[in-house]
Amino acid sequence: MTKPIFILNGPNLNLLGKRQPEIYGRATLEDVADACAALAEDLGLSIRFHQSNHEGQIVDWIHQARDEGAGVIINPAAYTHTSVAILDALNAFDGPVLEVHISNVHKREAFRHHSYVSLRADGVIAGFGTEGYQLALRRMATLVKGK
Ligand code: DHK
């Protein structure tokens with residue numbers, strides 16, 4: 001079994017399903033975690049699924065992934081557009097990194113069009129709703145098994 005895939009979620013995603021459902025949908029983060037766990041099992045992968053509203057906690061999980069993770073799937077939420085610290089942490093991680101956004105950030109306000117994380121990400125998924133996590137997981141399976 002390969003090392004786990006870290007699936008990391010940034011601020012306000014704990015409110016998924018309740019917060020602006022017209023943008024982020026009605027599925028909760030627990031629904032997303034459950035769907036990812038089921039798909040990971042089908043793909044022969046294991047996952048560690050986390051969410052935090054705190055930038056430093058996300059940095060710490062990326063550091064943990066350096067030793068314990070095969071890949072990182074990250075929805076940094078608002079930190080996408082602001083966090084050099086998360087970019088630096090991802091630059092210190094050697095495996096594949098996939099960036100997920102539930103909404104199509106390019107259709108939204110201009111400040112959401114820039115992503116620090118995209119400077120490191122091997123692929124970006126945006127605007128596929130919460131299904132984007134499963135698409136990212138399928139791609140991650142290809143990337144970690146192709147190694
Ligand atoms: C989630 C957020 O919370 C926003 O700050 C980002 C992202 C977009 C998403 O679409 O998943 O701008």
# chains A, B, ... in the order shown; residues from 1 in each chain; ligands from 1
>>> closest_atom_pairs(of="chain A", to="ligand 1", cutoff="9 Å", atoms="only C-alpha atoms and all ligand atoms", output="tab-separated table")
residue	atom	partner	partner_atom_place_in_ligand_line	distance
A:Asn9	CA	ligand 1	11 (O)	8.8
A:Gly10	CA	ligand 1	3 (O)	7.3
A:Pro11	CA	ligand 1	3 (O)	6.4
A:Asn12	CA	ligand 1	3 (O)	5.9
A:Leu13	CA	ligand 1	3 (O)	6.3
A:Ile23	CA	ligand 1	10 (O)	7.8
A:Tyr24	CA	ligand 1	10 (O)	6.8
A:Asn75	CA	ligand 1	11 (O)	6.1
A:Pro76	CA	ligand 1	1 (C)	7.2
A:Ala77	CA	ligand 1	2 (C)	3.6
A:Ala78	CA	ligand 1	5 (O)	3.3
A:Tyr79	CA	ligand 1	5 (O)	7.0
A:Thr80	CA	ligand 1	6 (C)	6.8
A:His81	CA	ligand 1	12 (O)	7.2
A:Val100	CA	ligand 1	11 (O)	6.6
A:His101	CA	ligand 1	11 (O)	3.6
A:Ile102	CA	ligand 1	11 (O)	3.7
A:Ser103	CA	ligand 1	10 (O)	3.6
A:Asn104	CA	ligand 1	10 (O)	6.2
A:Val105	CA	ligand 1	8 (C)	5.8
A:Arg108	CA	ligand 1	12 (O)	8.2
A:Glu109	CA	ligand 1	12 (O)	8.5
A:Phe111	CA	ligand 1	12 (O)	8.1
A:Arg112	CA	ligand 1	12 (O)	5.1
A:His113	CA	ligand 1	12 (O)	8.2
A:Ala126	CA	ligand 1	10 (O)	6.8
A:Gly127	CA	ligand 1	10 (O)	7.0
A:Gly129	CA	ligand 1	10 (O)	7.8
A:Thr130	CA	ligand 1	11 (O)	8.2
>>> select_by_dssp(residues="chain A", states="strand (DSSP E or B)", output="list of chain:residue names")
A:Ile5, A:Phe6, A:Ile7, A:Leu8, A:Asn9, A:Ile47, A:Arg48, A:Phe49, A:His50, A:Gln51, A:Gly71, A:Val72, A:Ile73, A:Ile74, A:Asn75, A:Val97, A:Leu98, A:Glu99, A:Val100, A:His101, A:Gly123, A:Val124, A:Ile125, A:Ala126
>>> residues_around(residues="Asp34 (chain A)", least_positions_apart="6", cutoff="12 Å", atoms="only C-alpha atoms", output="number ranges by chain")
A: 27-28, 40-41, 47-49, 130, 133-134
>>> closest_residue(among="A:Ala121, A:Leu29, A:Leu16, A:Ala65", to="Ala136 (chain A)", atoms="only C-alpha atoms")
A:Ala121
>>> select_by_dssp(residues="region 101-131 of chain A", states="helix (DSSP H, G or I)", output="NGL selection string")
:A and (105-107 or 110-112 or 117-119 or 131)
>>> closest_residue(among="A:Glu22, A:Asp94, A:Glu68, A:Asp88", to="Phe6 (chain A)", atoms="only C-alpha atoms")
A:Glu68
>>> residues_around(residues="Leu90 (chain A)", least_positions_apart="2", cutoff="12 Å", atoms="only C-alpha atoms", output="ChimeraX atom specification")
/A:6,8,58-66,71-74,76,83-88,92-99,116-122
>>> write_last_selection(atoms="N, CA, C and O atoms", output="compact mmCIF listing (two decimals), in the first residue's frame")
# COMPACT_ATOMS: atom_id res chain seq x y z
N PHE A 6 -2.88 13.10 1.37
CA PHE A 6 -3.41 14.13 2.27
C PHE A 6 -4.40 14.99 1.48
O PHE A 6 -4.03 15.55 0.43
N LEU A 8 -6.44 18.28 2.01
CA LEU A 8 -6.42 19.39 2.96
C LEU A 8 -7.39 20.49 2.52
O LEU A 8 -7.44 20.84 1.33
N ILE A 58 -2.48 24.25 8.44
CA ILE A 58 -2.38 23.68 7.08
C ILE A 58 -0.90 23.49 6.71
O ILE A 58 -0.52 22.45 6.16
N VAL A 59 -0.08 24.47 7.05
CA VAL A 59 1.38 24.34 6.83
C VAL A 59 1.90 23.11 7.57
O VAL A 59 2.65 22.31 7.01
N ASP A 60 1.49 22.91 8.82
CA ASP A 60 1.95 21.75 9.61
C ASP A 60 1.54 20.43 8.96
O ASP A 60 2.33 19.48 8.93
N TRP A 61 0.32 20.35 8.43
CA TRP A 61 -0.10 19.11 7.76
C TRP A 61 0.72 18.86 6.49
O TRP A 61 1.04 17.72 6.17
N ILE A 62 1.07 19.92 5.78
CA ILE A 62 1.90 19.74 4.57
C ILE A 62 3.29 19.24 4.99
O ILE A 62 3.86 18.34 4.35
N HIS A 63 3.82 19.76 6.09
CA HIS A 63 5.11 19.26 6.60
C HIS A 63 5.01 17.77 6.96
O HIS A 63 5.92 17.00 6.67
N GLN A 64 3.90 17.41 7.58
CA GLN A 64 3.68 16.00 7.95
C GLN A 64 3.67 15.13 6.69
O GLN A 64 4.21 14.02 6.67
N ALA A 65 3.07 15.66 5.62
CA ALA A 65 2.98 14.91 4.36
C ALA A 65 4.37 14.67 3.76
O ALA A 65 4.56 13.70 3.01
N ARG A 66 5.34 15.51 4.09
CA ARG A 66 6.71 15.29 3.58
C ARG A 66 7.23 13.90 3.95
O ARG A 66 7.90 13.25 3.17
N GLY A 71 1.01 12.10 -1.70
CA GLY A 71 0.57 13.23 -2.52
C GLY A 71 -0.33 14.13 -1.70
O GLY A 71 -0.81 13.74 -0.63
N VAL A 72 -0.54 15.34 -2.21
CA VAL A 72 -1.40 16.31 -1.52
C VAL A 72 -2.45 16.82 -2.49
O VAL A 72 -2.11 17.27 -3.60
N ILE A 73 -3.71 16.73 -2.07
CA ILE A 73 -4.81 17.39 -2.77
C ILE A 73 -5.24 18.50 -1.82
O ILE A 73 -5.52 18.25 -0.65
N ILE A 74 -5.26 19.74 -2.32
CA ILE A 74 -5.55 20.85 -1.42
C ILE A 74 -6.56 21.82 -2.00
O ILE A 74 -6.43 22.22 -3.17
N PRO A 76 -7.20 25.24 -0.72
CA PRO A 76 -6.76 26.19 0.30
C PRO A 76 -7.82 27.26 0.61
O PRO A 76 -7.58 28.12 1.46
N SER A 83 -1.69 33.12 0.46
CA SER A 83 -0.72 32.47 1.35
C SER A 83 0.59 32.05 0.68
O SER A 83 0.69 30.99 0.04
N VAL A 84 1.61 32.86 0.90
CA VAL A 84 2.97 32.48 0.50
C VAL A 84 3.46 31.34 1.39
O VAL A 84 4.22 30.47 0.95
N ALA A 85 3.00 31.31 2.65
CA ALA A 85 3.42 30.25 3.59
C ALA A 85 2.99 28.87 3.10
O ALA A 85 3.76 27.90 3.17
N ILE A 86 1.77 28.76 2.59
CA ILE A 86 1.30 27.47 2.07
C ILE A 86 2.06 27.12 0.79
O ILE A 86 2.48 25.97 0.60
N LEU A 87 2.31 28.09 -0.07
CA LEU A 87 3.11 27.83 -1.27
C LEU A 87 4.50 27.33 -0.88
O LEU A 87 4.99 26.33 -1.43
N ASP A 88 5.14 27.99 0.07
CA ASP A 88 6.50 27.57 0.49
C ASP A 88 6.49 26.15 1.05
O ASP A 88 7.40 25.36 0.77
N ALA A 92 8.26 22.55 -0.48
CA ALA A 92 9.14 21.66 0.29
C ALA A 92 8.63 20.22 0.29
O ALA A 92 9.19 19.36 0.96
N PHE A 93 7.55 19.98 -0.43
CA PHE A 93 6.97 18.63 -0.53
C PHE A 93 7.31 18.07 -1.91
O PHE A 93 7.11 18.74 -2.92
N ASP A 94 7.80 16.83 -1.97
CA ASP A 94 8.31 16.30 -3.23
C ASP A 94 7.28 15.62 -4.13
O ASP A 94 7.50 15.49 -5.33
N GLY A 95 6.17 15.16 -3.57
CA GLY A 95 5.21 14.38 -4.36
C GLY A 95 4.26 15.26 -5.15
O GLY A 95 4.37 16.49 -5.16
N PRO A 96 3.30 14.62 -5.84
CA PRO A 96 2.33 15.40 -6.62
C PRO A 96 1.39 16.24 -5.75
O PRO A 96 1.00 15.82 -4.67
N VAL A 97 1.06 17.40 -6.27
CA VAL A 97 0.14 18.33 -5.60
C VAL A 97 -0.96 18.70 -6.59
O VAL A 97 -0.68 19.14 -7.71
N LEU A 98 -2.20 18.50 -6.18
CA LEU A 98 -3.35 18.90 -7.01
C LEU A 98 -4.18 19.91 -6.24
O LEU A 98 -4.45 19.73 -5.05
N GLU A 99 -4.58 20.97 -6.94
CA GLU A 99 -5.34 22.08 -6.33
C GLU A 99 -6.79 21.96 -6.75
O GLU A 99 -7.08 21.76 -7.94
N TYR A 116 -1.56 31.55 -5.45
CA TYR A 116 -0.16 31.25 -5.12
C TYR A 116 0.11 29.75 -5.26
O TYR A 116 1.17 29.34 -5.72
N VAL A 117 -0.88 28.94 -4.88
CA VAL A 117 -0.71 27.48 -4.88
C VAL A 117 -0.51 26.95 -6.31
O VAL A 117 0.20 25.96 -6.52
N SER A 118 -1.09 27.62 -7.29
CA SER A 118 -0.94 27.17 -8.69
C SER A 118 0.51 27.24 -9.17
O SER A 118 0.86 26.56 -10.14
N LEU A 119 1.34 28.03 -8.48
CA LEU A 119 2.77 28.07 -8.86
C LEU A 119 3.45 26.74 -8.58
O LEU A 119 4.51 26.45 -9.11
N ARG A 120 2.83 25.92 -7.71
CA ARG A 120 3.38 24.60 -7.36
C ARG A 120 2.53 23.45 -7.87
O ARG A 120 3.06 22.36 -8.13
N ALA A 121 1.23 23.67 -8.01
CA ALA A 121 0.32 22.55 -8.30
C ALA A 121 0.65 21.89 -9.64
O ALA A 121 0.97 22.57 -10.62
N ASP A 122 0.52 20.56 -9.68
CA ASP A 122 0.70 19.81 -10.93
C ASP A 122 -0.57 19.84 -11.76
O ASP A 122 -0.54 19.55 -12.95
>>> atom_distance(atom1="CA of Ser115 (chain A)", atom2="CA of His50 (chain A)")
20.5 Å
>>> closest_residue(among="A:Ala89, A:Glu131, A:Arg138, A:Gly146", to="Gly25 (chain A)", atoms="only C-alpha atoms")
A:Glu131
>>> residues_around(residues="Leu45 (chain A)", least_positions_apart="3", cutoff="9 Å", atoms="only C-alpha atoms", output="ChimeraX atom specification")
/A:1-5,37,39-42,141
>>> atom_distance(atom1="CA of Ser52 (chain A)", atom2="CA of Arg19 (chain A)")
15.8 Å
>>> atom_distance(atom1="CA of Asn91 (chain A)", atom2="CA of Val144 (chain A)")
17.6 Å
>>> decode(residues="region 44-76 of chain A", atoms="N, CA, C and O atoms", output="short mmCIF file (atom, residue, chain, number, x, y, z; two decimals), in the first residue's frame")
data_model
loop_
_atom_site.label_atom_id
_atom_site.label_comp_id
_atom_site.auth_asym_id
_atom_site.auth_seq_id
_atom_site.Cartn_x
_atom_site.Cartn_y
_atom_site.Cartn_z
N GLY A 44 -7.49 1.77 -4.40
CA GLY A 44 -6.36 1.17 -3.69
C GLY A 44 -5.48 2.20 -3.00
O GLY A 44 -4.29 1.99 -2.80
N LEU A 45 -6.10 3.33 -2.62
CA LEU A 45 -5.37 4.39 -1.93
C LEU A 45 -5.94 4.56 -0.52
O LEU A 45 -7.08 4.18 -0.26
N SER A 46 -5.17 5.17 0.35
CA SER A 46 -5.72 5.61 1.63
C SER A 46 -5.60 7.13 1.69
O SER A 46 -4.77 7.73 0.99
N ILE A 47 -6.46 7.73 2.50
CA ILE A 47 -6.45 9.20 2.59
C ILE A 47 -6.40 9.66 4.04
O ILE A 47 -6.80 8.95 4.95
N ARG A 48 -5.88 10.86 4.20
CA ARG A 48 -6.06 11.60 5.47
C ARG A 48 -6.74 12.91 5.09
O ARG A 48 -6.18 13.69 4.31
N PHE A 49 -7.93 13.09 5.60
CA PHE A 49 -8.77 14.22 5.20
C PHE A 49 -8.84 15.21 6.35
O PHE A 49 -9.25 14.85 7.45
N HIS A 50 -8.42 16.46 6.12
CA HIS A 50 -8.38 17.46 7.20
C HIS A 50 -8.96 18.79 6.73
O HIS A 50 -8.88 19.13 5.54
N GLN A 51 -9.47 19.54 7.67
CA GLN A 51 -9.89 20.94 7.41
C GLN A 51 -9.43 21.80 8.57
O GLN A 51 -9.52 21.40 9.73
N SER A 52 -8.96 23.01 8.26
CA SER A 52 -8.66 23.97 9.32
C SER A 52 -8.95 25.39 8.85
O SER A 52 -8.79 25.70 7.66
N ASN A 53 -9.31 26.22 9.81
CA ASN A 53 -9.48 27.65 9.53
C ASN A 53 -8.18 28.42 9.79
O ASN A 53 -8.17 29.64 9.68
N HIS A 54 -7.09 27.69 10.10
CA HIS A 54 -5.84 28.33 10.52
C HIS A 54 -4.70 27.97 9.55
O HIS A 54 -4.40 26.79 9.33
N GLU A 55 -4.08 28.99 9.01
CA GLU A 55 -3.02 28.82 8.01
C GLU A 55 -1.89 27.92 8.51
O GLU A 55 -1.42 27.03 7.80
N GLY A 56 -1.42 28.19 9.76
CA GLY A 56 -0.29 27.43 10.30
C GLY A 56 -0.59 25.95 10.43
O GLY A 56 0.29 25.11 10.24
N GLN A 57 -1.83 25.62 10.75
CA GLN A 57 -2.21 24.20 10.85
C GLN A 57 -2.09 23.53 9.48
O GLN A 57 -1.63 22.38 9.37
N ILE A 58 -2.48 24.25 8.44
CA ILE A 58 -2.38 23.68 7.08
C ILE A 58 -0.90 23.49 6.71
O ILE A 58 -0.52 22.45 6.16
N VAL A 59 -0.08 24.47 7.05
CA VAL A 59 1.38 24.34 6.83
C VAL A 59 1.90 23.11 7.57
O VAL A 59 2.65 22.31 7.01
N ASP A 60 1.49 22.91 8.82
CA ASP A 60 1.95 21.75 9.61
C ASP A 60 1.54 20.43 8.96
O ASP A 60 2.33 19.48 8.93
N TRP A 61 0.32 20.35 8.43
CA TRP A 61 -0.10 19.11 7.76
C TRP A 61 0.72 18.86 6.49
O TRP A 61 1.04 17.72 6.17
N ILE A 62 1.07 19.92 5.78
CA ILE A 62 1.90 19.74 4.57
C ILE A 62 3.29 19.24 4.99
O ILE A 62 3.86 18.34 4.35
N HIS A 63 3.82 19.76 6.09
CA HIS A 63 5.11 19.26 6.60
C HIS A 63 5.01 17.77 6.96
O HIS A 63 5.92 17.00 6.67
N GLN A 64 3.90 17.41 7.58
CA GLN A 64 3.68 16.00 7.95
C GLN A 64 3.67 15.13 6.69
O GLN A 64 4.21 14.02 6.67
N ALA A 65 3.07 15.66 5.62
CA ALA A 65 2.98 14.91 4.36
C ALA A 65 4.37 14.67 3.76
O ALA A 65 4.56 13.70 3.01
N ARG A 66 5.34 15.51 4.09
CA ARG A 66 6.71 15.29 3.58
C ARG A 66 7.23 13.90 3.95
O ARG A 66 7.90 13.25 3.17
N ASP A 67 6.93 13.46 5.17
CA ASP A 67 7.39 12.15 5.62
C ASP A 67 6.34 11.07 5.40
O ASP A 67 6.67 9.92 5.14
N GLU A 68 5.08 11.44 5.55
CA GLU A 68 4.04 10.41 5.68
C GLU A 68 3.09 10.33 4.49
O GLU A 68 2.23 9.44 4.46
N GLY A 69 3.18 11.25 3.52
CA GLY A 69 2.20 11.31 2.44
C GLY A 69 2.79 11.02 1.08
O GLY A 69 3.95 11.36 0.80
N ALA A 70 1.97 10.41 0.21
CA ALA A 70 2.40 10.16 -1.18
C ALA A 70 2.03 11.34 -2.08
O ALA A 70 2.66 11.54 -3.14
N GLY A 71 1.01 12.10 -1.70
CA GLY A 71 0.57 13.23 -2.52
C GLY A 71 -0.33 14.13 -1.70
O GLY A 71 -0.81 13.74 -0.63
N VAL A 72 -0.54 15.34 -2.21
CA VAL A 72 -1.40 16.31 -1.52
C VAL A 72 -2.45 16.82 -2.49
O VAL A 72 -2.11 17.27 -3.60
N ILE A 73 -3.71 16.73 -2.07
CA ILE A 73 -4.81 17.39 -2.77
C ILE A 73 -5.24 18.50 -1.82
O ILE A 73 -5.52 18.25 -0.65
N ILE A 74 -5.26 19.74 -2.32
CA ILE A 74 -5.55 20.85 -1.42
C ILE A 74 -6.56 21.82 -2.00
O ILE A 74 -6.43 22.22 -3.17
N ASN A 75 -7.57 22.13 -1.20
CA ASN A 75 -8.42 23.28 -1.47
C ASN A 75 -8.08 24.30 -0.40
O ASN A 75 -8.60 24.23 0.71
N PRO A 76 -7.20 25.24 -0.72
CA PRO A 76 -6.76 26.19 0.30
C PRO A 76 -7.82 27.26 0.61
O PRO A 76 -7.58 28.12 1.46
#
